[in-house]
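Source file: coords30.cif; contents: mmCIF, C-alpha atoms and all ligand atoms.
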```cif
data_work
loop_
_atom_site.label_atom_id
_atom_site.label_comp_id
_atom_site.auth_asym_id
_atom_site.auth_seq_id
_atom_site.Cartn_x
_atom_site.Cartn_y
_atom_site.Cartn_z
CA MET A 1 -10.16 51.43 32.19
CA HIS A 2 -13.59 52.62 31.03
CA SER A 3 -16.27 50.95 33.10
CA SER A 4 -18.44 50.03 30.11
CA LEU A 5 -15.68 48.07 28.43
CA PRO A 6 -15.92 44.32 28.71
CA VAL A 7 -13.30 43.06 31.10
CA TYR A 8 -11.58 39.79 30.48
CA VAL A 9 -10.83 37.96 33.66
CA ASN A 10 -7.36 36.53 33.59
CA SER A 11 -7.85 34.15 36.48
CA LEU A 12 -10.38 32.18 34.46
CA ARG A 13 -8.69 32.85 31.12
CA VAL A 14 -11.91 31.84 29.39
CA GLY A 15 -12.91 35.22 28.04
CA LEU A 16 -15.82 35.72 30.44
CA LYS A 17 -17.21 39.21 30.02
CA LEU A 18 -18.13 41.01 33.23
CA LYS A 19 -19.98 44.26 32.77
CA GLY A 20 -20.19 47.24 35.08
CA MET A 21 -16.96 46.75 36.98
CA ARG A 22 -15.27 50.07 37.71
CA GLU A 23 -11.77 48.83 38.05
CA CYS A 24 -10.25 45.44 37.53
CA LYS A 25 -6.66 44.35 37.73
CA VAL A 26 -6.28 42.49 34.48
CA SER A 27 -2.88 41.46 33.20
CA ARG A 28 -1.81 43.03 29.95
CA THR A 29 -1.52 39.64 28.28
CA ALA A 30 -5.11 38.79 29.09
CA MET A 31 -6.28 42.15 27.70
CA ASP A 32 -4.19 41.89 24.56
CA ASN A 33 -5.00 38.30 23.94
CA PRO A 34 -8.09 37.03 25.67
CA LEU A 35 -7.95 33.72 23.82
CA MET A 36 -6.54 30.78 25.72
CA LEU A 37 -4.16 28.77 23.55
CA MET A 38 -4.60 25.03 24.06
CA ILE A 39 -3.01 24.07 20.75
CA PRO A 40 0.18 22.05 20.30
CA GLY A 41 2.21 25.18 19.58
CA PRO A 42 2.63 28.03 19.65
CA THR A 43 2.00 27.65 23.35
CA PRO A 44 1.37 30.20 26.09
CA VAL A 45 4.59 31.90 27.19
CA PRO A 46 5.35 32.87 30.81
CA GLU A 47 5.31 36.59 31.48
CA GLN A 48 8.87 36.34 32.79
CA VAL A 49 10.00 35.07 29.39
CA LEU A 50 8.04 37.70 27.47
CA LEU A 51 9.46 40.44 29.66
CA ALA A 52 13.00 39.10 29.25
CA SER A 53 12.69 39.65 25.51
CA ALA A 54 11.46 43.23 26.00
CA GLN A 55 14.95 44.70 26.32
CA PRO A 56 17.04 46.79 23.98
CA PRO A 57 19.01 44.50 21.67
CA ILE A 58 22.73 44.17 22.34
CA SER A 59 25.58 43.61 19.88
CA HIS A 60 26.00 39.99 18.98
CA ARG A 61 29.74 40.64 18.82
CA SER A 62 29.97 41.71 22.44
CA LEU A 63 31.16 40.06 25.62
CA GLU A 64 27.64 40.38 26.99
CA PHE A 65 26.28 38.30 24.12
CA GLN A 66 29.07 35.75 24.48
CA THR A 67 28.17 35.28 28.13
CA LEU A 68 24.51 34.83 27.21
CA MET A 69 25.39 32.37 24.43
CA ALA A 70 27.62 30.30 26.74
CA GLN A 71 24.83 30.10 29.28
CA VAL A 72 22.05 29.10 26.88
CA THR A 73 24.30 26.54 25.19
CA ALA A 74 25.06 24.89 28.53
CA ASP A 75 21.36 24.89 29.40
CA LEU A 76 20.41 23.42 26.03
CA LYS A 77 22.85 20.56 26.57
CA TRP A 78 21.24 19.97 29.96
CA LEU A 79 17.77 19.86 28.37
CA HIS A 80 18.96 17.46 25.67
CA GLN A 81 20.92 15.39 28.24
CA THR A 82 23.93 15.47 25.95
CA GLN A 83 27.57 16.35 25.57
CA ASN A 84 26.99 16.89 21.84
CA ASP A 85 26.83 20.31 20.22
CA VAL A 86 23.43 21.96 20.34
CA LEU A 87 23.21 24.72 17.74
CA ILE A 88 20.70 27.55 17.56
CA LEU A 89 19.15 28.70 14.28
CA ALA A 90 16.88 31.60 13.45
CA SER A 91 14.17 29.38 11.98
CA SER A 92 11.05 27.42 12.73
CA GLY A 93 11.16 23.67 13.32
CA THR A 94 11.01 22.90 9.60
CA GLY A 95 14.16 24.96 9.01
CA ALA A 96 15.91 22.86 11.65
CA MET A 97 14.63 19.70 9.90
CA GLU A 98 16.02 20.93 6.59
CA ALA A 99 19.38 21.69 8.23
CA GLY A 100 19.29 18.17 9.69
CA ILE A 101 19.15 16.71 6.18
CA LEU A 102 21.34 18.92 4.06
CA ASN A 103 24.34 18.92 6.39
CA PHE A 104 24.72 15.18 6.75
CA LEU A 105 23.47 13.53 3.56
CA SER A 106 24.17 13.64 -0.17
CA PRO A 107 21.96 13.38 -3.27
CA GLY A 108 21.04 9.75 -3.94
CA ASP A 109 21.60 8.55 -0.38
CA ARG A 110 19.13 5.94 0.90
CA VAL A 111 17.15 6.90 4.00
CA LEU A 112 14.47 5.18 6.09
CA VAL A 113 11.71 7.52 7.18
CA GLY A 114 9.05 6.69 9.76
CA CYS A 115 5.66 7.88 8.50
CA ASN A 116 2.67 7.67 10.83
CA GLY A 117 1.41 11.23 10.67
CA LYS A 118 1.85 14.61 9.06
CA PHE A 119 5.30 15.34 10.44
CA GLY A 120 6.77 11.97 9.52
CA GLU A 121 5.43 12.63 6.04
CA ARG A 122 7.01 16.07 6.11
CA TRP A 123 10.40 14.40 6.60
CA ALA A 124 9.71 12.04 3.69
CA ASN A 125 8.66 14.93 1.43
CA LEU A 126 11.73 16.88 2.41
CA CYS A 127 13.95 13.91 1.59
CA ASP A 128 12.19 13.41 -1.76
CA LYS A 129 12.70 17.09 -2.61
CA PHE A 130 16.41 16.80 -1.85
CA GLY A 131 16.76 13.84 -4.19
CA LEU A 132 17.31 11.19 -1.53
CA ILE A 133 16.08 7.64 -2.03
CA THR A 134 13.33 7.63 0.56
CA GLU A 135 12.00 4.36 1.95
CA ARG A 136 8.94 4.87 4.09
CA ILE A 137 8.28 2.74 7.16
CA THR A 138 4.60 3.36 7.65
CA ALA A 139 1.92 2.85 10.26
CA PRO A 140 -1.66 4.10 10.10
CA TRP A 141 -2.14 7.60 11.52
CA GLY A 142 -2.87 7.14 15.22
CA CYS A 143 -0.74 3.97 15.51
CA PRO A 144 2.91 3.84 16.55
CA LEU A 145 5.82 2.96 14.29
CA ASP A 146 7.14 -0.58 14.73
CA PRO A 147 10.80 -0.58 15.82
CA GLN A 148 11.20 -4.07 14.34
CA ALA A 149 10.36 -2.74 10.88
CA PHE A 150 13.39 -0.42 11.11
CA ARG A 151 15.51 -3.27 12.40
CA ARG A 152 14.48 -5.58 9.53
CA HIS A 153 15.32 -2.95 6.89
CA LEU A 154 18.69 -2.24 8.47
CA GLU A 155 19.54 -5.92 8.82
CA ALA A 156 18.69 -6.50 5.16
CA ASP A 157 21.05 -3.70 4.11
CA GLN A 158 24.24 -5.78 3.96
CA ALA A 159 25.91 -3.24 1.67
CA LYS A 160 25.36 -0.51 4.29
CA GLN A 161 23.75 1.85 1.82
CA ILE A 162 21.19 3.27 4.22
CA LYS A 163 22.66 6.50 5.47
CA ALA A 164 20.03 7.56 7.98
CA MET A 165 16.86 6.58 9.71
CA ILE A 166 14.57 9.48 10.39
CA VAL A 167 11.90 9.48 13.07
CA THR A 168 9.35 11.85 14.55
CA HIS A 169 9.25 11.23 18.30
CA SER A 170 5.97 12.92 19.24
CA GLU A 171 3.69 12.92 16.19
CA THR A 172 1.78 16.14 16.79
CA SER A 173 -0.82 15.44 14.12
CA THR A 174 -2.19 12.39 15.95
CA GLY A 175 -0.88 12.45 19.52
CA VAL A 176 1.23 9.29 19.15
CA LEU A 177 4.51 9.05 21.02
CA ASN A 178 6.74 6.76 18.96
CA ASP A 179 9.07 4.44 20.85
CA LEU A 180 12.19 6.36 19.97
CA ALA A 181 14.45 4.45 22.36
CA ALA A 182 13.58 1.13 20.69
CA ILE A 183 13.75 2.56 17.17
CA ALA A 184 17.16 4.12 17.83
CA GLN A 185 18.33 0.84 19.33
CA ALA A 186 17.64 -0.85 15.98
CA VAL A 187 20.55 1.03 14.45
CA THR A 188 22.99 -1.10 16.45
CA VAL A 189 22.50 -3.92 13.91
CA HIS A 190 23.79 -1.59 11.19
CA ALA A 191 26.23 0.82 12.85
CA GLN A 192 26.53 3.11 9.81
CA ALA A 193 23.16 4.87 9.63
CA LEU A 194 22.60 8.13 11.45
CA VAL A 195 19.59 8.48 13.73
CA ILE A 196 17.88 11.74 12.82
CA VAL A 197 15.02 12.78 15.09
CA ASP A 198 12.23 15.33 15.16
CA ALA A 199 11.82 16.10 18.86
CA VAL A 200 9.80 19.25 18.14
CA THR A 201 6.98 18.33 20.54
CA SER A 202 8.88 15.99 22.83
CA LEU A 203 11.88 18.02 23.94
CA GLY A 204 11.11 19.61 27.30
CA VAL A 205 7.93 17.52 27.47
CA CYS A 206 9.25 14.01 28.03
CA PRO A 207 12.73 12.52 28.30
CA VAL A 208 14.88 12.73 25.16
CA PRO A 209 18.22 11.52 26.54
CA VAL A 210 20.23 12.16 23.40
CA ASP A 211 23.46 10.47 24.53
CA THR A 212 21.88 7.45 26.21
CA TRP A 213 19.67 6.72 23.21
CA GLY A 214 22.46 7.42 20.70
CA LEU A 215 20.62 10.08 18.71
CA ASP A 216 22.82 11.75 16.10
CA VAL A 217 20.75 14.71 14.93
CA VAL A 218 17.88 16.05 17.04
CA VAL A 219 15.77 18.99 15.92
CA SER A 220 13.36 21.08 17.94
CA ALA A 221 11.77 24.53 17.95
CA SER A 222 11.18 27.28 20.48
CA GLN A 223 7.38 27.55 20.32
CA LYS A 224 6.72 24.12 21.84
CA GLY A 225 8.12 22.62 25.07
CA TYR A 226 10.50 25.55 25.43
CA ARG A 227 7.66 27.89 26.55
CA MET A 228 8.88 30.54 24.15
CA PRO A 229 7.54 32.44 21.18
CA PRO A 230 8.25 30.96 17.72
CA GLY A 231 11.47 31.88 15.93
CA LEU A 232 14.31 29.64 17.09
CA GLY A 233 15.20 26.19 15.81
CA PHE A 234 17.68 23.88 17.54
CA VAL A 235 19.83 21.07 16.17
CA ALA A 236 21.85 18.72 18.39
CA VAL A 237 24.69 17.08 16.47
CA SER A 238 26.73 14.01 17.53
CA PRO A 239 30.40 13.35 16.62
CA LYS A 240 29.18 10.61 14.25
CA ALA A 241 26.99 13.16 12.46
CA TRP A 242 29.92 15.62 12.25
CA GLN A 243 31.88 12.84 10.57
CA ALA A 244 29.10 12.48 7.99
CA TYR A 245 29.13 16.28 7.56
CA THR A 246 32.66 16.12 6.17
CA THR A 247 31.50 14.11 3.14
CA ALA A 248 27.95 15.43 2.72
CA GLN A 249 27.49 17.05 -0.67
CA PHE A 250 24.44 19.26 -0.64
CA PRO A 251 25.18 22.96 -1.17
CA ARG A 252 24.68 24.86 2.09
CA PHE A 253 25.09 28.40 3.18
CA TYR A 254 22.72 29.94 5.76
CA PHE A 255 22.06 26.51 7.27
CA ASP A 256 25.68 25.33 7.12
CA LEU A 257 25.91 23.88 10.62
CA GLY A 258 29.70 23.80 10.47
CA GLU A 259 29.61 27.60 10.52
CA TYR A 260 27.36 27.54 13.60
CA GLN A 261 29.70 25.09 15.32
CA LYS A 262 32.73 27.27 14.51
CA ALA A 263 31.00 30.39 15.82
CA ALA A 264 29.74 28.56 18.92
CA ALA A 265 33.35 27.78 19.85
CA THR A 266 33.72 31.49 20.59
CA HIS A 267 30.18 31.79 21.97
CA THR A 268 28.64 33.59 19.06
CA THR A 269 26.63 32.95 15.89
CA PRO A 270 27.70 33.16 12.24
CA PHE A 271 24.91 35.60 11.32
CA THR A 272 22.90 38.20 13.22
CA PRO A 273 20.78 36.21 15.68
CA PRO A 274 17.30 37.24 16.88
CA ILE A 275 18.85 38.64 20.04
CA ASN A 276 15.61 39.29 21.87
CA LEU A 277 14.62 35.66 21.42
CA PHE A 278 17.95 34.72 22.97
CA PHE A 279 16.99 36.79 26.03
CA ALA A 280 13.73 34.85 26.12
CA LEU A 281 15.57 31.55 25.71
CA GLN A 282 17.84 32.36 28.63
CA ALA A 283 14.83 33.10 30.82
CA SER A 284 12.84 30.03 29.76
CA LEU A 285 15.76 27.61 30.14
CA GLY A 286 16.56 29.17 33.52
CA MET A 287 12.98 28.51 34.65
CA MET A 288 13.11 24.95 33.35
CA ARG A 289 16.43 24.32 35.04
CA SER A 290 15.19 25.54 38.38
CA GLN A 291 12.20 23.21 38.03
CA GLY A 292 14.38 20.21 37.08
CA LEU A 293 13.86 17.61 34.36
CA ALA A 294 12.01 15.09 36.53
CA ALA A 295 9.50 17.69 37.71
CA LEU A 296 9.03 19.04 34.18
CA PHE A 297 8.22 15.62 32.80
CA SER A 298 5.97 14.52 35.65
CA HIS A 299 4.01 17.77 35.33
CA GLN A 300 3.42 16.97 31.66
CA GLN A 301 2.31 13.45 32.55
CA ARG A 302 -0.22 14.83 35.00
CA LEU A 303 -1.67 17.18 32.40
CA MET A 304 -1.87 14.42 29.81
CA GLN A 305 -3.45 11.90 32.18
CA ALA A 306 -6.02 14.41 33.40
CA THR A 307 -6.94 15.45 29.87
CA ARG A 308 -7.34 11.84 28.80
CA ALA A 309 -9.43 11.00 31.87
CA ALA A 310 -11.73 13.93 31.12
CA MET A 311 -12.18 12.91 27.48
CA ARG A 312 -13.13 9.41 28.59
CA ALA A 313 -15.60 10.82 31.10
CA LEU A 314 -17.15 13.06 28.43
CA ASP A 315 -17.43 10.18 25.97
CA LEU A 316 -15.08 11.87 23.51
CA PRO A 317 -13.08 8.94 22.03
CA LEU A 318 -9.31 9.17 22.31
CA PHE A 319 -7.60 8.81 18.94
CA VAL A 320 -4.72 7.02 20.68
CA PRO A 321 -6.58 4.78 23.16
CA THR A 322 -3.50 3.30 24.88
CA ASP A 323 -1.98 5.58 27.51
CA THR A 324 1.57 4.31 27.01
CA LEU A 325 1.47 5.27 23.32
CA ALA A 326 0.15 8.77 23.96
CA SER A 327 2.18 11.94 23.62
CA PRO A 328 2.33 14.12 26.73
CA ALA A 329 2.28 17.13 24.40
CA VAL A 330 -1.09 16.71 22.72
CA THR A 331 -4.29 14.70 23.07
CA ALA A 332 -6.32 14.00 19.96
CA ILE A 333 -9.97 13.05 20.13
CA ALA A 334 -12.26 11.74 17.41
CA PRO A 335 -15.77 12.86 18.43
CA GLU A 336 -18.52 10.60 17.12
CA HIS A 337 -21.77 12.31 18.06
CA VAL A 338 -20.70 15.88 17.62
CA ASP A 339 -19.27 17.76 14.66
CA PRO A 340 -15.64 18.45 15.61
CA GLU A 341 -15.46 21.71 13.72
CA GLN A 342 -18.68 22.99 15.30
CA LEU A 343 -17.39 22.04 18.72
CA ARG A 344 -14.06 23.74 18.11
CA SER A 345 -15.56 26.92 16.76
CA GLN A 346 -18.15 27.20 19.58
CA LEU A 347 -15.50 26.57 22.18
CA GLN A 348 -13.47 29.45 20.85
CA LYS A 349 -16.37 31.81 20.17
CA GLN A 350 -18.21 31.29 23.44
CA TYR A 351 -15.42 30.58 25.87
CA GLY A 352 -12.22 31.82 24.25
CA VAL A 353 -10.51 28.43 24.38
CA VAL A 354 -8.57 27.59 21.23
CA ILE A 355 -7.94 23.95 20.37
CA ALA A 356 -6.54 22.61 17.11
CA PRO A 357 -8.32 20.83 14.27
CA GLY A 358 -7.21 17.55 12.70
CA GLN A 359 -4.67 17.85 9.90
CA ASP A 360 -4.82 16.76 6.26
CA HIS A 361 -7.33 13.90 5.81
CA LEU A 362 -8.23 14.08 9.52
CA ARG A 363 -9.45 17.68 9.31
CA GLY A 364 -13.09 17.68 10.33
CA LYS A 365 -12.62 14.35 12.10
CA LEU A 366 -10.18 15.06 14.90
CA LEU A 367 -9.65 17.70 17.55
CA ARG A 368 -6.31 18.20 19.24
CA ILE A 369 -5.77 19.66 22.69
CA GLY A 370 -2.24 20.89 23.29
CA HIS A 371 -0.95 20.64 26.86
CA LEU A 372 2.70 21.52 26.44
CA GLY A 373 4.53 24.76 27.15
CA HIS A 374 3.36 27.10 29.87
CA ILE A 375 0.24 25.15 30.78
CA CYS A 376 -0.85 24.31 34.31
CA GLU A 377 -3.56 22.27 36.06
CA ARG A 378 -5.89 25.27 36.07
CA ASP A 379 -5.71 25.43 32.27
CA ILE A 380 -6.79 21.79 31.96
CA LEU A 381 -9.69 22.36 34.37
CA THR A 382 -10.73 25.46 32.45
CA THR A 383 -10.57 23.71 29.09
CA VAL A 384 -12.56 20.73 30.31
CA ALA A 385 -15.18 23.01 31.91
CA ALA A 386 -15.47 24.98 28.68
CA LEU A 387 -15.75 21.76 26.68
CA GLU A 388 -18.54 20.53 28.95
CA ALA A 389 -20.35 23.84 28.58
CA THR A 390 -19.95 23.78 24.81
CA LEU A 391 -21.23 20.23 24.49
CA SER A 392 -24.20 21.23 26.58
CA ASP A 393 -24.78 24.42 24.52
CA LEU A 394 -24.81 22.26 21.39
CA GLY A 395 -27.57 20.12 22.87
CA HIS A 396 -25.55 17.09 23.88
CA LYS A 397 -26.69 15.27 26.94
CA ILE A 398 -23.77 15.25 29.28
CA GLN A 399 -23.65 15.01 33.01
CA PRO A 400 -22.33 18.45 34.02
CA GLY A 401 -19.17 18.17 36.04
CA GLU A 402 -18.23 14.66 34.95
CA GLY A 403 -15.18 15.77 33.04
CA ILE A 404 -14.10 18.10 35.83
CA GLN A 405 -14.50 15.33 38.36
CA ALA A 406 -12.29 13.05 36.27
CA VAL A 407 -9.62 15.75 36.14
CA ARG A 408 -9.78 16.30 39.89
CA CYS A 409 -9.52 12.57 40.60
CA CYS A 410 -6.50 12.39 38.37
CA PHE A 411 -4.80 15.35 40.03
CA ASP A 412 -5.49 13.81 43.44
CA GLN A 413 -3.90 10.53 42.41
CA ILE A 414 -0.84 11.60 40.44
C1 LIG A 501 6.40 17.24 15.35
C2 LIG A 501 6.58 18.50 14.56
N1 LIG A 501 7.57 18.59 13.68
C3 LIG A 501 7.78 19.67 12.94
C4 LIG A 501 6.98 20.78 13.07
C5 LIG A 501 7.20 21.95 12.21
O1 LIG A 501 7.58 23.04 12.94
P1 LIG A 501 7.41 24.52 12.40
O2 LIG A 501 5.97 24.77 12.17
O3 LIG A 501 7.99 25.29 13.55
O4 LIG A 501 8.21 24.64 11.16
C6 LIG A 501 5.92 20.76 13.99
C7 LIG A 501 5.02 21.90 14.14
O5 LIG A 501 3.92 21.81 14.61
C8 LIG A 501 5.73 19.59 14.76
O6 LIG A 501 4.74 19.51 15.66
#
```
I need this file expressed as structure tokens, please.
Ligand SMILES: Cc1ncc(COP(=O)(O)O)c(C=O)c1O
Amino acid sequence: MHSSLPVYVNSLRVGLKLKGMRECKVSRTAMDNPLMLMIPGPTPVPEQVLLASAQPPISHRSLEFQTLMAQVTADLKWLHQTQNDVLILASSGTGAMEAGILNFLSPGDRVLVGCNGKFGERWANLCDKFGLITERITAPWGCPLDPQAFRRHLEADQAKQIKAMIVTHSETSTGVLNDLAAIAQAVTVHAQALVIVDAVTSLGVCPVPVDTWGLDVVVSASQKGYRMPPGLGFVAVSPKAWQAYTTAQFPRFYFDLGEYQKAAATHTTPFTPPINLFFALQASLGMMRSQGLAALFSHQQRLMQATRAAMRALDLPLFVPTDTLASPAVTAIAPEHVDPEQLRSQLQKQYGVVIAPGQDHLRGKLLRIGHLGHICERDILTTVAALEATLSDLGHKIQPGEGIQAVRCCFDQI
């Protein structure tokens, strides 16, 4: 490396420029991408997973691929804590959501959709577009959905016309973790409706025990808790949902999940899969499995608690003030004495730390720190240190080190 080139130091991952160093061992990822992603997806990806994908593609009609497919399918069932089918699509999360509607419902069906953020509203918009009769169960953005509201609607539906209730578990736009267990429980008063769930930022981040909670259709995507690049969508399908599939009337072709189920029986896919992403999936699920579910989830709790403690210490108000309602994937703050967009842009420009803005009407009002995927304690410390420095650069009176101290206390305790 030429000595006059700025050198990005991977160990800090903050984009510090050191001049005049003759030689520095810097990882390729840090050189190629000096920005540190602290957004709620895409997330950082472990080098082991990136390297796994850097192999020559193999035939998807080979024994080698069948072995790979059998392995990742078993690991996906483990992650979902289910005996149900878990199917793999070449799509983003929204593609998996669309597949979750068009395979199990028919035009004119009544559905209940939980709306307390952008992704709940995405479900409702999707249902509207498909000609479903969409009834919204709403809560203000930043507040959780009320399980009793679902229960009341289902109880009132004596004619059993409601075909599904649709819920976003971790609402990425606000950082709320909806009480999915209680909402899913509400369906027991009805028995007919399917429970369709967006677990895009909860799967791999906190427990989503699909069988125990009785979830019929669960969608997720690779670029979140899976610690993978974007490109794969996942749909878990219960026997009850497969029953609904037999009468569902929407036209379907590429996203016909019956075709994926048929192909999965012989450990393959109906269409050419993104094979290199399957290599990555095998590596990432293998890493997760060796860590274990309990350790995965407690790690996420630690990161969330430390981030929240730091925000409190830095006087940056939490958008979801109650810890038990907070998503372990993302922490949203609503700064009062500092312009969120200025803070975000300085943080990135000066220190190379990327956090996410608010979405829709909360753009310019919220900031969102992602702490899911391949994120560790060091990343939280770095982000908080960079936030402190940025606040100080912008002329805000903060006690240097207060946020860091809060993080350290948290890590010592949990
Ligand atoms: C909760 C939730 N649902 C759905 C999506 C949509 O996923 P994608 O952008 O992969 O289509 C996202 C993406 O951020 C999300 O966070």
| request: Would you list the residues that come within 7 Å of ligand LIG 501 (chain A)? Count all atoms listed in the file and give the answer as a list in words. | output: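 The distance check yields Pro40, Gly41, Ser92, Gly93, Thr94, Gly95, Phe119, Thr168, Ser170, Glu171, Thr172, Asp198, Ala199, Val200, Thr201 and Ala221 of chain A.
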| Contact residues around Arg302 (chain A) with only C-alpha atoms at 9 Å, ignoring same-chain residues under 6 positions, as a ChimeraX atom specification | /A:328,377,410-411,414
| field | Within 10 Å of Leu293 (chain A) using all atoms listed in the file, minus same-chain residues under 3 positions, as a PyMOL selection string | value | chain A and resi 78-79+81+204-207+288-290+296-299
Residues within 8 Å of Phe250 (chain A), all atoms listed in the file, excluding chain neighbours under 2 positions, as a PDB file with C-alpha atoms, in the frame of the given file:
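around.pdb was written with the following content:
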```pdb
ATOM      1  CA  LEU A 102      21.340  18.920   4.060  1.00  0.00           C
ATOM      2  CA  ASN A 103      24.340  18.920   6.390  1.00  0.00           C
ATOM      3  CA  LEU A 105      23.470  13.530   3.560  1.00  0.00           C
ATOM      4  CA  SER A 106      24.170  13.640  -0.170  1.00  0.00           C
ATOM      5  CA  PRO A 107      21.960  13.380  -3.270  1.00  0.00           C
ATOM      6  CA  ALA A 248      27.950  15.430   2.720  1.00  0.00           C
ATOM      7  CA  ARG A 252      24.680  24.860   2.090  1.00  0.00           C
TER       8      ARG A 252
END
```
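Among the candidate residues A:Pro230, A:Met304, A:Leu194, A:Asn84, the one lying nearest to Tyr245 (chain A) is A:Leu194, with distances computed using all atoms listed in the file.
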| Coordinates-based distance that separates CA of Ala149 (chain A) from CA of His80 (chain A) (Å, one decimal) | 26.5 Å
| query | Which one of A:Ala90, A:Ala263, A:Val195, A:Val237 sits closest to Met69 (chain A) if you count all atoms listed in the file? | reply | A:Ala263
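Distances from A:Tyr226, A:Asp339, A:His190, A:Ser345 to Gly395 (chain A) were compared using only C-alpha atoms, and the smallest one belongs to A:Asp339.
The nearest approach to Ala385 (chain A) among the residues A:Gln223, A:Gln405, A:Ser284, A:Thr73, with all atoms listed in the file taken into account, belongs to A:Gln405.
Remark: for Leu325 (chain A), the closest of the candidate residues A:Ala70, A:Cys115, A:Val187, A:Cys143 is A:Cys143 (distances computed over all atoms listed in the file).
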| request: Counting all atoms listed in the file, select every polymer residue within 12 Å of (-22.9, 18.3, 34.7) as defined in the file's coordinates, and provide the selection as a VMD selection string. | output: chain A and resid 313 to 314 384 to 392 396 to 406
| Interatomic distance, CA of Leu372 (chain A) to CA of Ala294 (chain A) (Å, one decimal) |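 Here the two named atoms are 15.2 Å from each other.
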| message | Please determine, counting all atoms listed in the file, which residue among A:Ala124, A:Val407, A:Leu232, A:Ala295 has the shortest atom-to-atom distance to Thr138 (chain A). | response |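 Counting all atoms listed in the file, the residue closest to Thr138 (chain A) is A:Ala124.
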| message | Taking 3 positions as the minimum chain separation for residues in the same chain, which residues sit within 12 Å of Gly117 (chain A) when counting only C-alpha atoms? Answer as a VMD selection string. | response | chain A and resid 113 to 114 120 to 124 136 to 145 167 to 178 358 to 362
| task | Can you work out the spacing between CA of Arg110 (chain A) and CA of Lys163 (chain A) in Å, to one decimal? | result |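 The value is 5.8 Å.
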| task | Excluding Gln350 (chain A) and residues on its chain fewer than 3 positions from it, collect all residues at most 12 Å away from it, counting all atoms listed in the file, and give them as a list in words. | result |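 What passes the distance filter is Val14, Gly15, Leu16, Lys17, Pro34, Leu35, Met36, Gln342, Leu343, Arg344, Ser345, Gln346, Leu347, Val353, Val354, Ala386, Leu387, Ala389, Thr390, Leu391, Asp393 and Leu394 of chain A.
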| field | Cut-off 12 Å around (20.1, 7.7, 9.5) with all atoms listed in the file: residues as a ChimeraX atom specification | value | /A:100-101,104-105,109-114,127,132,134-135,150,153-154,160-167,183-184,186-188,190-197,214-218,240-241,244
